[in-house]
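Below is one structure, written out as structure tokens; comments come after it.
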There are 2 protein chains.
Amino acid sequence: MEQDLAPAPPKGRPREFCVDQALAAALRVFWSRGYEGASMAELTAEMGITKPSLYAAFGNKEALFNKALDLYEREKLAYMATALDAPTARGVAERLMHGALEMQMSPGDPKGCLGVISMSACGLEAESIKAHVVARRASSEAALIARFERAKAEGDLPDGLEPEALVRYLFALMQGLSVQAGAGATCSQLQQLVETSLSVWPTR
Amino acid sequence: MEQDLAPAPPKGRPREFCVDQALAAALRVFWSRGYEGASMAELTAEMGITKPSLYAAFGNKEALFNKALDLYEREKLAYMATALDAPTARGVAERLMHGALEMQMSPGDPKGCLGVISMSACGLEAESIKAHVVARRASSEAALIARFERAKAEGDLPDGLEPEALVRYLFALMQGLSVQAGAGATCSQLQQLVETSLSVWPTR
DNA sequence: AGAGTTATATACCGATCGGTATGGAAGGTG
DNA sequence: CACCTTCCATACCGATCGGTATATAACTCT
């Protein structure tokens with residue numbers, strides 16, 4: 001076996017654009033318009049490439065969306081993974097709400113949550129997209145439930161609150177935050193929402 | 001002035017469909033597909049009429065949507081108005097959450113909330129639709145804020161909670177409920193969410 | 001029975017949708 | 001240099017989008 005650390009001796013004409021940069025541009029379009037609302041014309045214009053280049057590099061519209069969704073979760077939803085490391089259940093909730101708030105207040109990015117938008121968009125063609133996004137949300141939901149199970153075992157949860165129910169409650173708040181951000185709420189309004197949510201968070 | 005209690009001596013050929021019935025069918029389509037996801041082809045098929053009949057009776061797609069939105073608020077969101085009559089702030093919250101839950105569990109209707117769906121759908125053409133829906137939500141938001149202002153004056157609210165913030169918190173929960181319902185949550189999961197929300201509702 | 005009016009049915013409109021065929025330009029390797 | 005591979009640019013594909021022109025059918029009024 002030969003070492004292939006410089007694996008690709010590129011044979012043909014090199015491409016004239018940066019794939020990662022183009023994908024980031026595509027993400028911004030999907031993020032602000034939804035899967036169906038994003039047309040190939042707007043995507044190519046915003047990515048600065050032509051349609052054949054897009055199809056050669058990414059496959060088709062659905063594949064492009066899935067790659068953009070990967071990028072979104074990797075870069076914009078990183079706080080969800082690190083939040084689980086907080087020492088207490090309340091700490092987890094604080095990190096999640098503050099992370100979601102910070103993301104919505106990021107000035108360069110579109111408002112709202114790509115996941116929420118994609119689960120709400122409902123055209124016939126987008127059903128497989130929707131199912132895909134729902135499945136991903138279910139996995140992060142499961143991780144958070146596991147974290148709250150541990151909290152319950154540690155006596156960290158008030159009595160009578162099931163981890164599953166608490167996760168759904170917390171997700172509902174974050175989804176509501178995204179909906180209101182997408183509807184044009186101001187930063188201070190979103191801050192108010194997060195503060196209120198944390199002020200009523202159940203303590204034992 | 002003549003009495004016009006039988007106001008319309010219909011002159012031409014009578015229409016062969018019931019306008020209210022067709023509008024109800026259109027509402028179901030918009031509700032499950034969103035404004036942009038609902039095509040005229042699916043609308044006319046589901047309404048059981050042809051395109052010229054639709055345009056003659058309702059104007060165009062946007063006007064049809066607005067009339068469907070009227071119907072939605074009148075029939076499906078009636079609980080929001082009556083909830084304000086509850087004697088306490090907590091009672092208002094209970095009626096709102098239970099009303100939203102009951103609506104999401106109605107077996108014949110699509111899942112999710114037409115308002116949330118329409119605020120999330122993002123194509124270029126739908127921006128005026130989105131603005132319209134946002135404006136309507138703002139008015140019901142204002143009504144609820146006024147109700148909680150009264151509650152505050154009556155000493156019905158815990159100290160340190162602003163009516164505005166509490167309304168946004170409550171709306172976030174209801175929007176989250178709709179998102180999860182649209183994503184395929186089961187009835188018992190939604191019930192869990194409502195119970196949890198009410199169990200952490202702040203009391204003085 | 002006509003005339004006037006309104007609704008329906010079919011076929012059609014330009015524009016846009018996602019996706020692709022084709023021809024040439026830009027690189028490597030003989 | 002020819003040769004091969006890959007990418008870019010233009011033009012194009014059938015399908016569908018929202019919306020409409022035209023012709024005919026069904027009704028009331030004179």
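Quick note on naming: the chains in the structure tokens go A, B, ... in the order shown, residues restart at 1 in each chain, and ligands are numbered from 1 in order of appearance.
Contacts from chain B to chain C at a cut-off of 8 Å (only C-alpha atoms (C1' of nucleotides)) map to Lys11, Gly12, Arg13, Pro14, Arg15, Glu16, Thr50, Pro52 and Ser53 of chain B.
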Contact set, chain D to chain B: 12 Å, only C-alpha atoms (C1' of nucleotides), as an mmCIF file with C-alpha atoms (C1' of nucleotides), in the first residue's frame:
```
data_model
loop_
_atom_site.group_PDB
_atom_site.id
_atom_site.type_symbol
_atom_site.label_atom_id
_atom_site.label_comp_id
_atom_site.auth_asym_id
_atom_site.auth_seq_id
_atom_site.Cartn_x
_atom_site.Cartn_y
_atom_site.Cartn_z
ATOM 1 C "C1'" DT D 16 -44.978 23.181 -13.155
ATOM 2 C "C1'" DC D 17 -45.891 27.754 -11.374
ATOM 3 C "C1'" DG D 18 -49.831 31.537 -10.830
ATOM 4 C "C1'" DG D 19 -53.114 33.550 -13.718
ATOM 5 C "C1'" DT D 20 -56.356 34.285 -17.907
ATOM 6 C "C1'" DA D 21 -58.917 34.301 -22.701
ATOM 7 C "C1'" DT D 22 -62.571 32.144 -24.891
ATOM 8 C "C1'" DA D 25 -74.054 26.530 -20.162
ATOM 9 C "C1'" DA D 26 -77.514 28.056 -16.739
ATOM 10 C "C1'" DC D 27 -80.078 31.348 -14.735
ATOM 11 C "C1'" DT D 28 -83.483 36.003 -14.384
ATOM 12 C "C1'" DC D 29 -85.881 39.643 -16.455
#
```
Which residues of chain A have any atom within 9 Å of an atom in chain B when counting only C-alpha atoms, and what is the closest pair of atoms for each, with the distance in Å to one decimal? Order the rows by chain and rising number and write it as a Markdown table.
```
| residue | atom | partner | partner_atom | distance |
| --- | --- | --- | --- | --- |
| A:Ser32 | CA | B:Cys122 | CA | 6.6 |
| A:Arg33 | CA | B:Cys122 | CA | 4.4 |
| A:Gly34 | CA | B:Cys122 | CA | 6.1 |
| A:Glu36 | CA | B:Gly123 | CA | 7.7 |
| A:Gly37 | CA | B:Gly123 | CA | 4.1 |
| A:Ala38 | CA | B:Gly123 | CA | 6.8 |
| A:Ser39 | CA | B:Gly123 | CA | 8.8 |
| A:Gly112 | CA | B:Ser120 | CA | 8.0 |
| A:Val116 | CA | B:Val179 | CA | 7.1 |
| A:Ile117 | CA | B:Ser120 | CA | 5.4 |
| A:Ser118 | CA | B:Ser120 | CA | 8.6 |
| A:Met119 | CA | B:Ala183 | CA | 6.1 |
| A:Ser120 | CA | B:Ile117 | CA | 5.4 |
| A:Ala121 | CA | B:Ala121 | CA | 6.1 |
| A:Cys122 | CA | B:Arg33 | CA | 4.4 |
| A:Gly123 | CA | B:Gly37 | CA | 4.1 |
| A:Leu124 | CA | B:Gly37 | CA | 7.3 |
| A:Lys130 | CA | B:Ala183 | CA | 8.2 |
| A:Ala131 | CA | B:Ala183 | CA | 8.4 |
| A:Val134 | CA | B:Ala183 | CA | 6.4 |
| A:Leu161 | CA | B:Thr196 | CA | 7.5 |
| A:Glu162 | CA | B:Thr196 | CA | 8.9 |
| A:Glu164 | CA | B:Gln192 | CA | 8.7 |
| A:Ala165 | CA | B:Gln192 | CA | 5.7 |
| A:Leu166 | CA | B:Thr196 | CA | 6.9 |
| A:Val167 | CA | B:Leu193 | CA | 8.9 |
| A:Arg168 | CA | B:Leu193 | CA | 6.1 |
| A:Tyr169 | CA | B:Leu193 | CA | 5.5 |
| A:Phe171 | CA | B:Gly176 | CA | 7.2 |
| A:Ala172 | CA | B:Gly176 | CA | 3.8 |
| A:Leu173 | CA | B:Leu173 | CA | 5.5 |
| A:Met174 | CA | B:Gly176 | CA | 7.5 |
| A:Gln175 | CA | B:Gly176 | CA | 5.1 |
| A:Gly176 | CA | B:Ala172 | CA | 3.9 |
| A:Leu177 | CA | B:Ala172 | CA | 6.1 |
| A:Ser178 | CA | B:Ala172 | CA | 8.8 |
| A:Val179 | CA | B:Ser120 | CA | 7.0 |
| A:Gln180 | CA | B:Ala172 | CA | 7.5 |
| A:Gly182 | CA | B:Ser120 | CA | 6.8 |
| A:Ala183 | CA | B:Met119 | CA | 6.1 |
| A:Gly184 | CA | B:Val134 | CA | 8.4 |
| A:Gln189 | CA | B:Ala165 | CA | 7.6 |
| A:Leu190 | CA | B:Arg168 | CA | 8.5 |
| A:Gln192 | CA | B:Ala165 | CA | 5.7 |
| A:Leu193 | CA | B:Tyr169 | CA | 5.5 |
| A:Val194 | CA | B:Tyr169 | CA | 8.1 |
| A:Glu195 | CA | B:Ala165 | CA | 8.6 |
| A:Thr196 | CA | B:Ala165 | CA | 6.5 |
| A:Ser197 | CA | B:Tyr169 | CA | 6.6 |
| A:Ser199 | CA | B:Pro202 | CA | 8.9 |
| A:Val200 | CA | B:Pro202 | CA | 6.0 |
| A:Trp201 | CA | B:Val200 | CA | 6.9 |
| A:Pro202 | CA | B:Val200 | CA | 6.1 |
```
Taking 4 positions as the minimum chain separation for residues in the same chain, which residues sit within 9 Å of Phe58 in chain B when counting only C-alpha atoms (C1' of nucleotides)? Answer as a PDB file with N, CA and C atoms, in the first residue's frame.
```
ATOM      1  N   LEU B  23     -63.750  27.230   0.940  1.00  0.00           N
ATOM      2  CA  LEU B  23     -62.754  27.956   1.729  1.00  0.00           C
ATOM      3  C   LEU B  23     -62.193  27.068   2.831  1.00  0.00           C
ATOM      4  N   SER B  53     -63.224  29.418 -11.528  1.00  0.00           N
ATOM      5  CA  SER B  53     -64.193  29.578 -10.444  1.00  0.00           C
ATOM      6  C   SER B  53     -63.508  30.122  -9.201  1.00  0.00           C
ATOM      7  N   LEU B  54     -62.314  29.585  -8.923  1.00  0.00           N
ATOM      8  CA  LEU B  54     -61.587  30.041  -7.754  1.00  0.00           C
ATOM      9  C   LEU B  54     -61.260  31.534  -7.861  1.00  0.00           C
ATOM     10  N   ALA B  63     -55.313  36.527  -1.811  1.00  0.00           N
ATOM     11  CA  ALA B  63     -56.605  36.865  -1.210  1.00  0.00           C
ATOM     12  C   ALA B  63     -57.260  35.616  -0.628  1.00  0.00           C
ATOM     13  N   LEU B  64     -57.130  34.501  -1.334  1.00  0.00           N
ATOM     14  CA  LEU B  64     -57.673  33.247  -0.818  1.00  0.00           C
ATOM     15  C   LEU B  64     -57.011  32.880   0.502  1.00  0.00           C
ATOM     16  N   LYS B  67     -58.357  35.044   3.314  1.00  0.00           N
ATOM     17  CA  LYS B  67     -59.696  34.627   3.749  1.00  0.00           C
ATOM     18  C   LYS B  67     -59.614  33.329   4.546  1.00  0.00           C
TER      19      LYS B  67
END
```
Could you give me, as a PyMOL selection string, each residue of range 2-195 of chain B that DSSP assigns to alpha helix (DSSP H) when run on this structure's backbone?
chain B and resi 19-37+40-47+51-58+61-75+78-83+89-105+114-120+127-153+163-182+187-195
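In this model, the gap between CA of Arg28 in chain B and CA of Glu127 in chain A comes to 17.2 Å.
When CA of Arg147 in chain B is paired with CA of Met103 in chain B, their separation reads 22.4 Å.
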Name all residues at most 12 Å from Gly155 in chain B (count only C-alpha atoms (C1' of nucleotides); drop same-chain ones fewer than 4 positions away) and give them as a short mmCIF file (atom, residue, chain, number, x, y, z; two decimals) with C-alpha atoms, in the first residue's frame.
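The new file selection_3.cif reads:
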```
data_model
loop_
_atom_site.label_atom_id
_atom_site.label_comp_id
_atom_site.auth_asym_id
_atom_site.auth_seq_id
_atom_site.Cartn_x
_atom_site.Cartn_y
_atom_site.Cartn_z
CA THR B 88 -56.37 34.80 37.16
CA ALA B 89 -53.20 35.02 35.09
CA PHE B 148 -51.39 40.53 32.21
CA GLU B 149 -51.00 44.23 32.94
CA ARG B 150 -54.36 43.99 34.68
CA ALA B 151 -53.16 40.90 36.51
CA ASP B 159 -42.86 40.10 41.69
CA GLY B 160 -40.18 40.76 39.11
CA LEU B 161 -42.12 39.38 36.17
CA PRO B 163 -46.31 41.19 31.63
CA THR B 203 -46.98 31.46 41.28
CA ARG B 204 -46.64 34.14 43.85
#
```
